[in-house]
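Content type CSV, C-alpha atoms, from the file structure-v2.csv:
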```
chain,number,residue,atom,x,y,z
A,1,MET,CA,0.0,0.0,0.0
A,2,GLU,CA,3.0,2.3,-0.4
A,3,ILE,CA,3.1,4.7,-3.3
A,4,ASN,CA,6.7,4.8,-4.4
A,5,PRO,CA,7.3,8.4,-5.5
A,6,LEU,CA,10.8,7.7,-6.6
A,7,ARG,CA,9.8,5.0,-9.1
A,8,LEU,CA,7.1,7.2,-10.7
A,9,SER,CA,9.3,10.3,-11.1
A,10,GLU,CA,12.2,8.1,-12.4
A,11,ALA,CA,9.8,6.7,-14.9
A,12,ALA,CA,8.8,10.2,-15.9
A,13,SER,CA,12.4,11.3,-16.4
A,14,GLN,CA,13.1,8.2,-18.5
A,15,ALA,CA,10.0,8.9,-20.6
A,16,GLY,CA,11.0,12.5,-20.9
A,17,THR,CA,14.5,11.7,-22.4
A,18,ALA,CA,13.0,9.0,-24.6
A,19,GLY,CA,10.4,11.4,-25.9
A,20,ALA,CA,13.0,14.1,-26.6
A,21,ALA,CA,15.3,11.7,-28.3
A,22,ALA,CA,13.0,10.0,-30.8
A,23,PRO,CA,9.4,10.4,-32.1
A,24,ALA,CA,6.8,8.6,-30.2
A,25,ALA,CA,6.0,6.0,-32.9
A,26,SER,CA,9.1,4.0,-32.5
A,27,ASP,CA,9.1,4.3,-28.7
A,28,GLY,CA,5.4,3.7,-28.2
A,29,VAL,CA,6.3,0.6,-26.1
A,30,SER,CA,8.0,2.6,-23.4
A,31,PHE,CA,5.2,5.2,-23.1
A,32,LYS,CA,2.5,2.7,-23.1
A,33,SER,CA,4.1,0.3,-20.7
A,34,LEU,CA,5.1,3.1,-18.3
A,35,LEU,CA,1.6,4.4,-18.3
A,36,THR,CA,-0.1,1.1,-17.9
A,37,ASP,CA,2.4,0.2,-15.1
A,38,ALA,CA,1.7,3.4,-13.3
A,39,LEU,CA,-2.1,2.9,-13.7
A,40,ALA,CA,-1.9,-0.6,-12.4
A,41,GLN,CA,0.0,0.7,-9.4
A,42,VAL,CA,-2.7,3.3,-8.8
A,43,ASN,CA,-5.3,0.7,-9.1
A,44,ASN,CA,-3.7,-1.5,-6.5
A,45,ILE,CA,-3.4,1.4,-4.1
A,46,GLN,CA,-7.1,2.2,-4.6
A,47,GLN,CA,-8.1,-1.5,-4.2
A,48,SER,CA,-6.3,-1.7,-0.9
A,49,ALA,CA,-7.8,1.6,0.3
A,50,ASP,CA,-11.2,0.3,-0.7
A,51,ALA,CA,-10.6,-3.0,1.2
A,52,GLY,CA,-9.6,-1.0,4.2
A,53,ALA,CA,-12.7,1.2,4.1
A,54,VAL,CA,-15.0,-1.8,3.7
A,55,LYS,CA,-13.3,-3.5,6.7
A,56,LEU,CA,-13.9,-0.4,8.7
A,57,ALA,CA,-17.5,-0.5,7.8
A,58,ALA,CA,-17.7,-4.1,8.9
A,59,GLY,CA,-16.4,-3.2,12.3
A,60,GLU,CA,-13.1,-5.0,12.1
A,61,PRO,CA,-10.2,-3.5,14.1
A,62,VAL,CA,-8.8,-1.4,11.4
A,63,ALA,CA,-6.9,1.8,12.4
A,64,ILE,CA,-8.9,4.8,11.2
A,65,ASP,CA,-5.8,6.8,10.5
A,66,GLU,CA,-4.4,4.1,8.3
A,67,VAL,CA,-7.6,3.9,6.2
A,68,MET,CA,-7.7,7.7,5.9
A,69,LEU,CA,-4.1,7.9,4.8
A,70,ALA,CA,-4.6,5.0,2.3
A,71,VAL,CA,-7.5,6.8,0.7
A,72,GLN,CA,-5.6,10.0,0.5
A,73,LYS,CA,-2.6,8.3,-0.9
A,74,ALA,CA,-4.7,6.6,-3.6
A,75,ASP,CA,-6.2,10.0,-4.5
A,76,LEU,CA,-2.7,11.6,-4.7
A,77,ALA,CA,-1.3,8.7,-6.7
A,78,LEU,CA,-4.1,9.1,-9.2
A,79,GLN,CA,-3.5,12.8,-9.5
A,80,LEU,CA,0.2,12.3,-9.8
A,81,THR,CA,-0.3,9.8,-12.6
A,82,MET,CA,-2.7,12.1,-14.4
A,83,GLN,CA,-0.2,14.9,-14.2
A,84,ILE,CA,2.6,12.7,-15.5
A,85,ARG,CA,0.4,11.6,-18.4
A,86,ASN,CA,-0.3,15.2,-19.2
A,87,LYS,CA,3.4,16.1,-19.2
A,88,LEU,CA,4.2,13.1,-21.5
A,89,VAL,CA,1.4,14.0,-23.9
A,90,GLU,CA,2.6,17.6,-23.9
A,91,ALA,CA,6.2,16.5,-24.7
A,92,TYR,CA,5.0,14.2,-27.5
A,93,GLN,CA,3.0,17.0,-29.0
A,94,GLU,CA,5.9,19.4,-28.9
A,95,VAL,CA,8.1,16.9,-30.6
A,96,ALA,CA,5.5,16.2,-33.2
A,97,ARG,CA,5.2,19.9,-33.9
A,98,MET,CA,8.9,20.3,-34.7
A,99,GLN,CA,9.4,21.5,-38.2
A,100,ILE,CA,12.0,19.3,-39.9
B,1,MET,CA,-30.7,8.9,9.3
B,2,HIS,CA,-33.9,10.8,9.5
B,3,LEU,CA,-32.7,13.9,11.3
B,4,PHE,CA,-36.0,15.3,12.5
B,5,ARG,CA,-37.4,11.9,13.5
B,6,THR,CA,-34.3,11.3,15.6
B,7,MET,CA,-34.5,14.7,17.2
B,8,ALA,CA,-38.2,14.0,17.9
B,9,ILE,CA,-37.3,10.8,19.6
B,10,SER,CA,-34.8,12.4,22.0
B,11,GLY,CA,-37.1,15.5,22.3
B,12,SER,CA,-39.9,13.3,23.5
B,13,ALA,CA,-37.7,12.0,26.3
B,14,LEU,CA,-36.7,15.5,27.3
B,15,THR,CA,-40.4,16.5,27.6
B,16,ALA,CA,-41.2,13.3,29.5
B,17,GLU,CA,-38.4,13.6,32.0
B,18,ARG,CA,-39.1,17.3,32.5
B,19,LEU,CA,-42.7,16.5,33.4
B,20,ARG,CA,-41.5,13.8,35.7
B,21,LEU,CA,-39.2,16.2,37.4
B,22,ASP,CA,-42.1,18.6,37.9
B,23,ILE,CA,-44.2,15.9,39.5
B,24,ILE,CA,-41.3,15.0,41.8
B,25,ALA,CA,-40.8,18.6,42.8
B,26,ASN,CA,-44.5,18.8,43.5
B,27,ASN,CA,-44.4,15.7,45.7
B,28,LEU,CA,-41.5,17.1,47.6
B,29,ALA,CA,-43.1,20.5,48.1
B,30,ASN,CA,-46.3,18.8,49.4
B,31,ALA,CA,-44.5,16.2,51.6
B,32,ASN,CA,-46.3,17.6,54.7
B,33,THR,CA,-49.6,18.8,53.3
B,34,THR,CA,-52.4,17.5,55.4
B,35,ARG,CA,-55.2,19.6,54.1
B,36,THR,CA,-55.9,19.5,50.3
B,37,ALA,CA,-58.8,21.2,48.5
B,38,ALA,CA,-60.5,17.8,48.1
B,39,GLY,CA,-60.0,17.1,51.8
B,40,GLY,CA,-57.5,14.8,53.3
B,41,PRO,CA,-53.8,14.7,53.0
B,42,PHE,CA,-51.8,15.1,49.7
B,43,ARG,CA,-51.4,11.8,47.8
B,44,ARG,CA,-48.1,11.2,46.0
B,45,GLN,CA,-48.3,11.3,42.2
B,46,VAL,CA,-46.4,9.1,39.9
B,47,THR,CA,-45.7,9.4,36.1
B,48,VAL,CA,-46.2,6.3,34.0
B,49,PHE,CA,-44.0,6.1,30.9
B,50,ALA,CA,-44.8,4.1,27.8
B,51,PRO,CA,-42.9,3.8,24.5
B,52,ARG,CA,-44.3,5.9,21.8
B,53,GLY,CA,-45.1,4.5,18.3
B,54,ASP,CA,-43.5,1.1,19.1
B,55,GLU,CA,-46.3,-0.7,20.9
B,56,THR,CA,-45.7,-3.8,18.8
B,57,GLN,CA,-42.1,-4.2,19.7
B,58,PHE,CA,-42.7,-7.4,21.5
B,59,LEU,CA,-44.0,-9.0,18.3
B,60,TYR,CA,-40.5,-9.8,17.0
B,61,PRO,CA,-38.3,-10.7,19.9
B,62,GLY,CA,-35.0,-12.0,18.5
B,63,MET,CA,-36.2,-11.9,14.9
B,64,GLY,CA,-35.0,-9.0,13.0
B,65,THR,CA,-37.4,-6.4,11.6
B,66,PRO,CA,-36.1,-4.9,8.4
B,67,ALA,CA,-34.7,-1.4,8.7
B,68,GLY,CA,-37.6,0.3,7.2
B,69,ALA,CA,-40.0,-1.2,9.7
B,70,PHE,CA,-38.4,0.4,12.8
B,71,ARG,CA,-41.2,2.3,14.4
B,72,GLY,CA,-39.8,3.5,17.7
B,73,ARG,CA,-40.6,7.1,18.3
B,74,GLY,CA,-39.4,7.8,21.8
B,75,VAL,CA,-41.4,7.9,25.0
B,76,ARG,CA,-44.6,9.4,26.2
B,77,VAL,CA,-46.2,10.0,29.6
B,78,ALA,CA,-49.1,7.5,29.5
B,79,ALA,CA,-50.6,8.7,32.7
B,80,VAL,CA,-50.0,10.7,35.9
B,81,SER,CA,-51.6,8.6,38.5
B,82,GLU,CA,-51.8,8.6,42.3
B,83,ASP,CA,-49.8,6.3,44.5
B,84,PRO,CA,-52.3,4.1,46.2
B,85,SER,CA,-50.0,3.2,49.1
B,86,PRO,CA,-51.4,4.1,52.6
B,87,PHE,CA,-50.8,7.4,54.3
B,88,LYS,CA,-48.4,7.7,57.2
B,89,ARG,CA,-50.2,7.8,60.5
B,90,VAL,CA,-48.5,9.8,63.2
B,91,TYR,CA,-49.8,10.2,66.8
B,92,ASP,CA,-50.1,13.9,67.3
B,93,PRO,CA,-53.4,14.9,69.1
B,94,GLY,CA,-52.4,18.6,69.2
B,95,HIS,CA,-52.5,18.8,65.4
B,96,PRO,CA,-55.5,20.7,63.9
B,97,ASP,CA,-56.1,17.9,61.4
B,98,ALA,CA,-55.8,15.0,64.0
B,99,ASP,CA,-58.8,12.6,63.9
B,100,ALA,CA,-60.8,11.4,66.8
B,101,SER,CA,-58.1,9.0,68.1
B,102,GLY,CA,-55.4,11.7,67.9
B,103,TYR,CA,-53.7,10.4,64.7
B,104,VAL,CA,-52.7,12.6,61.8
B,105,SER,CA,-52.5,11.2,58.3
B,106,LEU,CA,-49.4,12.5,56.5
B,107,PRO,CA,-48.8,12.3,52.8
B,108,ASN,CA,-47.3,9.0,51.5
B,109,VAL,CA,-44.3,10.9,50.2
B,110,ASN,CA,-40.9,9.4,51.0
B,111,VAL,CA,-38.3,12.1,50.6
B,112,VAL,CA,-35.4,9.7,49.9
B,113,THR,CA,-37.4,7.9,47.1
B,114,GLU,CA,-38.2,11.2,45.5
B,115,MET,CA,-34.6,12.3,45.5
B,116,VAL,CA,-33.5,9.0,43.9
B,117,ASP,CA,-36.1,9.4,41.3
B,118,MET,CA,-35.0,12.9,40.7
B,119,LEU,CA,-31.4,11.8,40.1
B,120,ALA,CA,-32.6,9.1,37.7
B,121,ALA,CA,-34.7,11.6,35.8
B,122,GLN,CA,-31.8,14.0,35.6
B,123,ARG,CA,-29.4,11.3,34.3
B,124,ALA,CA,-31.9,10.3,31.7
B,125,TYR,CA,-32.4,14.0,30.7
B,126,GLU,CA,-28.7,14.5,30.2
B,127,ALA,CA,-28.3,11.3,28.3
B,128,ASN,CA,-31.0,12.4,25.8
B,129,VAL,CA,-29.3,15.8,25.5
B,130,SER,CA,-26.1,13.9,24.5
B,131,ALA,CA,-28.1,12.0,21.9
B,132,ILE,CA,-29.4,15.2,20.4
B,133,VAL,CA,-25.9,16.7,20.2
B,134,ALA,CA,-24.6,13.6,18.6
B,135,ALA,CA,-27.4,13.6,16.0
B,136,ARG,CA,-26.7,17.2,15.1
B,137,THR,CA,-22.9,16.5,14.7
B,138,MET,CA,-23.6,13.5,12.5
B,139,ALA,CA,-26.0,15.5,10.3
B,140,GLU,CA,-23.4,18.2,9.9
B,141,ARG,CA,-20.9,15.6,8.7
B,142,ALA,CA,-23.4,14.1,6.3
B,143,LEU,CA,-24.1,17.6,4.9
B,144,ASP,CA,-20.3,17.9,4.3
B,145,ILE,CA,-20.3,15.0,1.9
B,146,GLY,CA,-20.9,17.4,-1.0
B,147,ARG,CA,-18.2,19.8,0.0
B,148,ALA,CA,-15.1,19.5,-2.1
C,1,MET,CA,-20.4,2.6,-17.9
C,2,VAL,CA,-21.0,5.8,-15.9
C,3,ASP,CA,-22.9,3.7,-13.5
C,4,LYS,CA,-19.9,1.4,-12.9
C,5,LEU,CA,-17.6,4.4,-12.4
C,6,LEU,CA,-19.9,6.1,-9.9
C,7,SER,CA,-20.7,3.1,-7.7
C,8,THR,CA,-18.0,0.6,-7.2
C,9,PRO,CA,-18.8,-2.2,-4.7
C,10,ALA,CA,-16.7,-0.5,-2.1
C,11,GLN,CA,-18.7,2.7,-2.4
C,12,ARG,CA,-22.0,0.9,-2.2
C,13,VAL,CA,-20.9,-0.9,0.9
C,14,LEU,CA,-19.8,2.4,2.5
C,15,GLU,CA,-23.1,4.1,1.6
C,16,LYS,CA,-25.1,1.2,3.0
C,17,ALA,CA,-23.0,1.2,6.2
C,18,LEU,CA,-23.6,4.9,6.5
C,19,GLY,CA,-27.3,4.2,6.4
C,20,ALA,CA,-27.0,1.5,8.9
C,21,SER,CA,-25.1,3.7,11.3
C,22,GLY,CA,-27.8,6.4,11.0
C,23,LEU,CA,-30.5,3.8,11.8
C,24,ALA,CA,-28.4,2.7,14.7
C,25,HIS,CA,-28.5,6.2,16.1
C,26,GLU,CA,-32.2,6.2,15.9
C,27,VAL,CA,-32.5,2.9,17.7
C,28,ILE,CA,-30.0,4.1,20.4
C,29,ALA,CA,-32.0,7.3,20.8
C,30,HIS,CA,-35.1,5.3,21.2
C,31,ASN,CA,-33.4,3.2,23.9
C,32,LEU,CA,-32.2,6.2,25.7
C,33,ALA,CA,-35.6,7.9,25.6
C,34,ASN,CA,-37.1,4.8,27.2
C,35,VAL,CA,-34.5,4.3,29.9
C,36,GLU,CA,-37.1,4.9,32.6
C,37,THR,CA,-40.0,3.1,31.0
C,38,PRO,CA,-41.1,0.0,32.9
C,39,GLY,CA,-41.0,-3.2,31.0
C,40,PHE,CA,-39.2,-1.7,28.0
C,41,LYS,CA,-36.7,-4.0,26.1
C,42,ARG,CA,-33.8,-2.4,24.2
C,43,SER,CA,-33.3,-2.9,20.5
C,44,GLU,CA,-30.2,-2.9,18.4
C,45,VAL,CA,-29.1,-2.8,14.8
C,46,LEU,CA,-27.3,-5.8,13.3
C,47,PHE,CA,-25.2,-4.8,10.3
C,48,GLN,CA,-21.5,-4.8,11.0
C,49,ASP,CA,-21.3,-8.5,12.0
C,50,ARG,CA,-23.3,-9.5,9.0
C,51,LEU,CA,-21.0,-7.5,6.7
C,52,ALA,CA,-18.0,-9.0,8.4
C,53,SER,CA,-19.3,-12.6,7.9
C,54,ALA,CA,-20.1,-11.8,4.3
C,55,LEU,CA,-16.6,-10.5,3.8
C,56,ALA,CA,-15.1,-13.6,5.4
C,57,ALA,CA,-17.3,-15.9,3.3
C,58,LEU,CA,-16.2,-14.0,0.2
C,59,GLU,CA,-12.6,-14.6,1.1
C,60,GLY,CA,-13.3,-18.2,1.9
C,61,SER,CA,-11.6,-18.0,5.2
C,62,ASP,CA,-14.5,-18.7,7.5
C,63,GLY,CA,-14.5,-22.4,7.1
C,64,SER,CA,-18.2,-22.7,6.3
C,65,LEU,CA,-19.4,-25.6,4.3
C,66,LYS,CA,-20.3,-24.9,0.7
C,67,GLY,CA,-22.5,-27.2,-1.2
C,68,ALA,CA,-21.5,-28.3,-4.7
C,69,ARG,CA,-24.3,-27.9,-7.2
C,70,THR,CA,-24.8,-30.3,-10.0
C,71,ASN,CA,-27.7,-28.4,-11.6
C,72,ALA,CA,-28.0,-24.7,-11.8
C,73,ARG,CA,-31.6,-24.9,-10.6
C,74,HIS,CA,-30.7,-26.5,-7.3
C,75,LEU,CA,-30.8,-24.2,-4.3
C,76,PRO,CA,-27.3,-23.1,-3.2
C,77,ILE,CA,-26.0,-24.2,0.2
C,78,GLY,CA,-23.7,-21.9,2.1
C,79,GLU,CA,-22.7,-19.9,-0.9
C,80,ALA,CA,-21.1,-16.5,-0.3
C,81,PRO,CA,-23.7,-13.8,-0.3
C,82,SER,CA,-22.7,-10.8,-2.3
C,83,LEU,CA,-21.8,-7.8,-0.3
C,84,ASP,CA,-24.7,-5.9,-1.8
C,85,ALA,CA,-27.2,-8.3,-0.2
C,86,VAL,CA,-26.2,-7.5,3.3
C,87,GLU,CA,-28.9,-5.3,4.9
C,88,PRO,CA,-29.3,-3.8,8.4
C,89,VAL,CA,-31.9,-5.3,10.6
C,90,VAL,CA,-33.4,-4.1,13.9
C,91,VAL,CA,-33.6,-6.7,16.7
C,92,VAL,CA,-35.3,-6.5,20.1
C,93,ARG,CA,-33.1,-7.9,22.9
C,94,ALA,CA,-35.7,-9.4,25.2
C,95,GLU,CA,-33.3,-10.7,27.8
C,96,THR,CA,-34.3,-10.2,31.4
C,97,SER,CA,-32.8,-7.4,33.3
C,98,LEU,CA,-31.6,-6.8,36.8
C,99,ARG,CA,-34.0,-3.9,37.4
C,100,PRO,CA,-37.2,-4.5,39.2
C,101,ASP,CA,-39.3,-2.7,36.6
C,102,GLY,CA,-38.2,-5.1,33.8
C,103,ASN,CA,-36.4,-2.4,31.8
C,104,ASN,CA,-33.1,-3.8,30.4
C,105,VAL,CA,-31.6,-0.5,29.1
C,106,ASP,CA,-28.2,0.0,30.6
C,107,LEU,CA,-27.7,3.8,30.5
C,108,ASP,CA,-23.9,3.6,30.5
C,109,SER,CA,-23.5,1.1,27.8
C,110,GLU,CA,-26.0,2.9,25.6
C,111,MET,CA,-24.0,6.1,26.0
C,112,VAL,CA,-20.9,4.3,24.9
C,113,LYS,CA,-22.7,2.9,21.9
C,114,LEU,CA,-23.9,6.4,21.1
C,115,SER,CA,-20.3,7.7,21.1
C,116,GLU,CA,-19.0,4.8,19.1
C,117,ASN,CA,-21.7,5.0,16.5
C,118,GLN,CA,-21.2,8.7,16.2
C,119,MET,CA,-17.5,8.2,15.5
C,120,LEU,CA,-18.3,5.5,13.0
C,121,TYR,CA,-20.9,7.7,11.2
C,122,GLU,CA,-18.5,10.6,10.9
C,123,THR,CA,-15.7,8.3,9.7
C,124,LEU,CA,-17.9,6.7,7.0
C,125,ALA,CA,-19.2,10.1,5.9
C,126,GLN,CA,-15.7,11.3,5.6
C,127,LEU,CA,-14.6,8.3,3.5
C,128,VAL,CA,-17.6,8.7,1.2
C,129,ARG,CA,-16.8,12.3,0.7
C,130,MET,CA,-13.1,11.6,0.0
C,131,LYS,CA,-14.0,8.9,-2.6
C,132,LEU,CA,-16.4,11.2,-4.3
C,133,THR,CA,-14.0,14.1,-4.4
C,134,SER,CA,-11.2,11.9,-5.7
C,135,LEU,CA,-13.5,10.9,-8.6
C,136,ARG,CA,-13.8,14.6,-9.3
```
Target encoding structure tokens, full file:
Amino acid sequence: MEINPLRLSEAASQAGTAGAAAPAASDGVSFKSLLTDALAQVNNIQQSADAGAVKLAAGEPVAIDEVMLAVQKADLALQLTMQIRNKLVEAYQEVARMQI
Amino acid sequence: MHLFRTMAISGSALTAERLRLDIIANNLANANTTRTAAGGPFRRQVTVFAPRGDETQFLYPGMGTPAGAFRGRGVRVAAVSEDPSPFKRVYDPGHPDADASGYVSLPNVNVVTEMVDMLAAQRAYEANVSAIVAARTMAERALDIGRA
Amino acid sequence: MVDKLLSTPAQRVLEKALGASGLAHEVIAHNLANVETPGFKRSEVLFQDRLASALAALEGSDGSLKGARTNARHLPIGEAPSLDAVEPVVVVRAETSLRPDGNNVDLDSEMVKLSENQMLYETLAQLVRMKLTSLR
């Protein structure tokens, strides 16, 4: 249930250099796999946050603060991924706009 | 959570306990009244409580009634009746209300019992005030659901 | 598709739990209102335990027997109920009491239940709110 901020930003910098170095078409694999990996991670975080919330509703001894933090982290992870996606798309569009 | 219904439930208890407190205060004030308008000493009064809206609660002991069928609506004062227990007879021939044999009939009010009842009524009153405060806080949280 | 986005199973469970907690407050308030009523028996809401056992059955960890069906039209035995099927239920606790007037409402334990339920309600409302805003 830990969001690994290092991994995501590292992925972003990798994607940034890859995007600047070559057009997206030939490097579509790295974009797609990075995004899908990040989204899968976000999904996992959200699932565990959901599970924690449902356990709380069922009266099991779950720490309230843990559940709150997990839900917040899931929210932040989603926002972070969205921002990264936006930056990647921006970078791709800039490259595509380059006049050769 | 039906906010107003919940407030009405706790409010009914506040009303009932307040009335009970008044009756107790009246009993205490008249603990030595030997001459009432109707003649004879003051007779202790007792409030009779009954649940409101939920008279069929004994229909389903142990079986669950579905959530929508919960009909409890608090408490009501079913009656204010007189305590039929006998008067206290004290030998006091000099008393203006003494009978032929010199005994005075004093009200059947026991001060200690009344004080204990008063404490119970007060505790119940405060508990229901807590229930109202809790309901209000919960409703405020529910209203916050839409806030970003 | 919009429907699936807006109501995941977890959100439905949270909303139902919120409703159950609200009902629990009404029941507790009714108990507290009748703490001095002779012969009154307290009620309570059963939801959390039922949800917990449904969860355990889903995860298969509660050791209950499950019947194998050879025909789809046979009635299922011990199959896991879906989380959506768990509903709150109000029960009357008709046990005898220590009080001479037959009333079995324990003022102190009802007050504790009141506080606990209030905390639970506020937590659930908070969680529902957070999930809705994260959707935004």
### Query
With all atoms listed in the file as the atoms that count, which of C:Ala20, C:Leu51, C:Met111, C:Val35 lies nearest to chain A?
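Of C:Ala20, C:Leu51, C:Met111, C:Val35, the one nearest chain A is C:Leu51, counting all atoms listed in the file.
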### Query
Of the residues A:Ala58, A:Ala38, A:Ala70, A:Val95, which is the one nearest to chain C, using only C-alpha atoms?
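Checking each candidate against chain C, we get A:Ala58 as the closest.
For the set B:Pro86, B:Asp117, B:Gly146, B:Phe49, the residue with the smallest atom-to-atom gap to Lys131 in chain C is B:Gly146, counting all atoms listed in the file.
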### Query
Any idea what the distance is between CA of Arg99 in chain C and CA of Arg43 in chain B?
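Those two atoms sit 25.6 Å apart.
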### Distance filter 8 Å, all atoms listed in the file, chain A against chain C, as a VMD selection string
chain A and resid 50 to 51 53 to 55 57 to 60 64 68 71 to 72 75
Output of the above residues as a compact mmCIF listing (two decimals), in the frame of the given file, restricted to C-alpha atoms:
```txt
# COMPACT_ATOMS: atom_id res chain seq x y z
CA ASP A 50 -11.20 0.30 -0.70
CA ALA A 51 -10.60 -3.00 1.20
CA ALA A 53 -12.70 1.20 4.10
CA VAL A 54 -15.00 -1.80 3.70
CA LYS A 55 -13.30 -3.50 6.70
CA ALA A 57 -17.50 -0.50 7.80
CA ALA A 58 -17.70 -4.10 8.90
CA GLY A 59 -16.40 -3.20 12.30
CA GLU A 60 -13.10 -5.00 12.10
CA ILE A 64 -8.90 4.80 11.20
CA MET A 68 -7.70 7.70 5.90
CA VAL A 71 -7.50 6.80 0.70
CA GLN A 72 -5.60 10.00 0.50
CA ASP A 75 -6.20 10.00 -4.50
```
Neighbours of Thr81 in chain A within 8 Å (all atoms listed in the file; same-chain residues fewer than 4 positions away dropped), as a short mmCIF file (atom, residue, chain, number, x, y, z; two decimals) with C-alpha atoms, keeping the file's coordinate frame?
```cif
data_model
loop_
_atom_site.label_atom_id
_atom_site.label_comp_id
_atom_site.auth_asym_id
_atom_site.auth_seq_id
_atom_site.Cartn_x
_atom_site.Cartn_y
_atom_site.Cartn_z
CA ALA A 38 1.70 3.40 -13.30
CA LEU A 39 -2.10 2.90 -13.70
CA VAL A 42 -2.70 3.30 -8.80
CA ALA A 77 -1.30 8.70 -6.70
CA ARG A 85 0.40 11.60 -18.40
#
```
Neighbours of Met119 in chain C within 10 Å (only C-alpha atoms; same-chain residues fewer than 5 positions away dropped), as a PDB file with C-alpha atoms, in the frame of the given file?
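The result, written out as result.pdb:
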```pdb
ATOM      1  CA  ALA B 134     -24.600  13.600  18.600  1.00  0.00           C
ATOM      2  CA  THR B 137     -22.900  16.500  14.700  1.00  0.00           C
ATOM      3  CA  MET B 138     -23.600  13.500  12.500  1.00  0.00           C
TER       4      MET B 138
ATOM      5  CA  SER C  21     -25.100   3.700  11.300  1.00  0.00           C
ATOM      6  CA  LYS C 113     -22.700   2.900  21.900  1.00  0.00           C
ATOM      7  CA  LEU C 114     -23.900   6.400  21.100  1.00  0.00           C
ATOM      8  CA  LEU C 124     -17.900   6.700   7.000  1.00  0.00           C
ATOM      9  CA  ALA C 125     -19.200  10.100   5.900  1.00  0.00           C
TER      10      ALA C 125
END
```
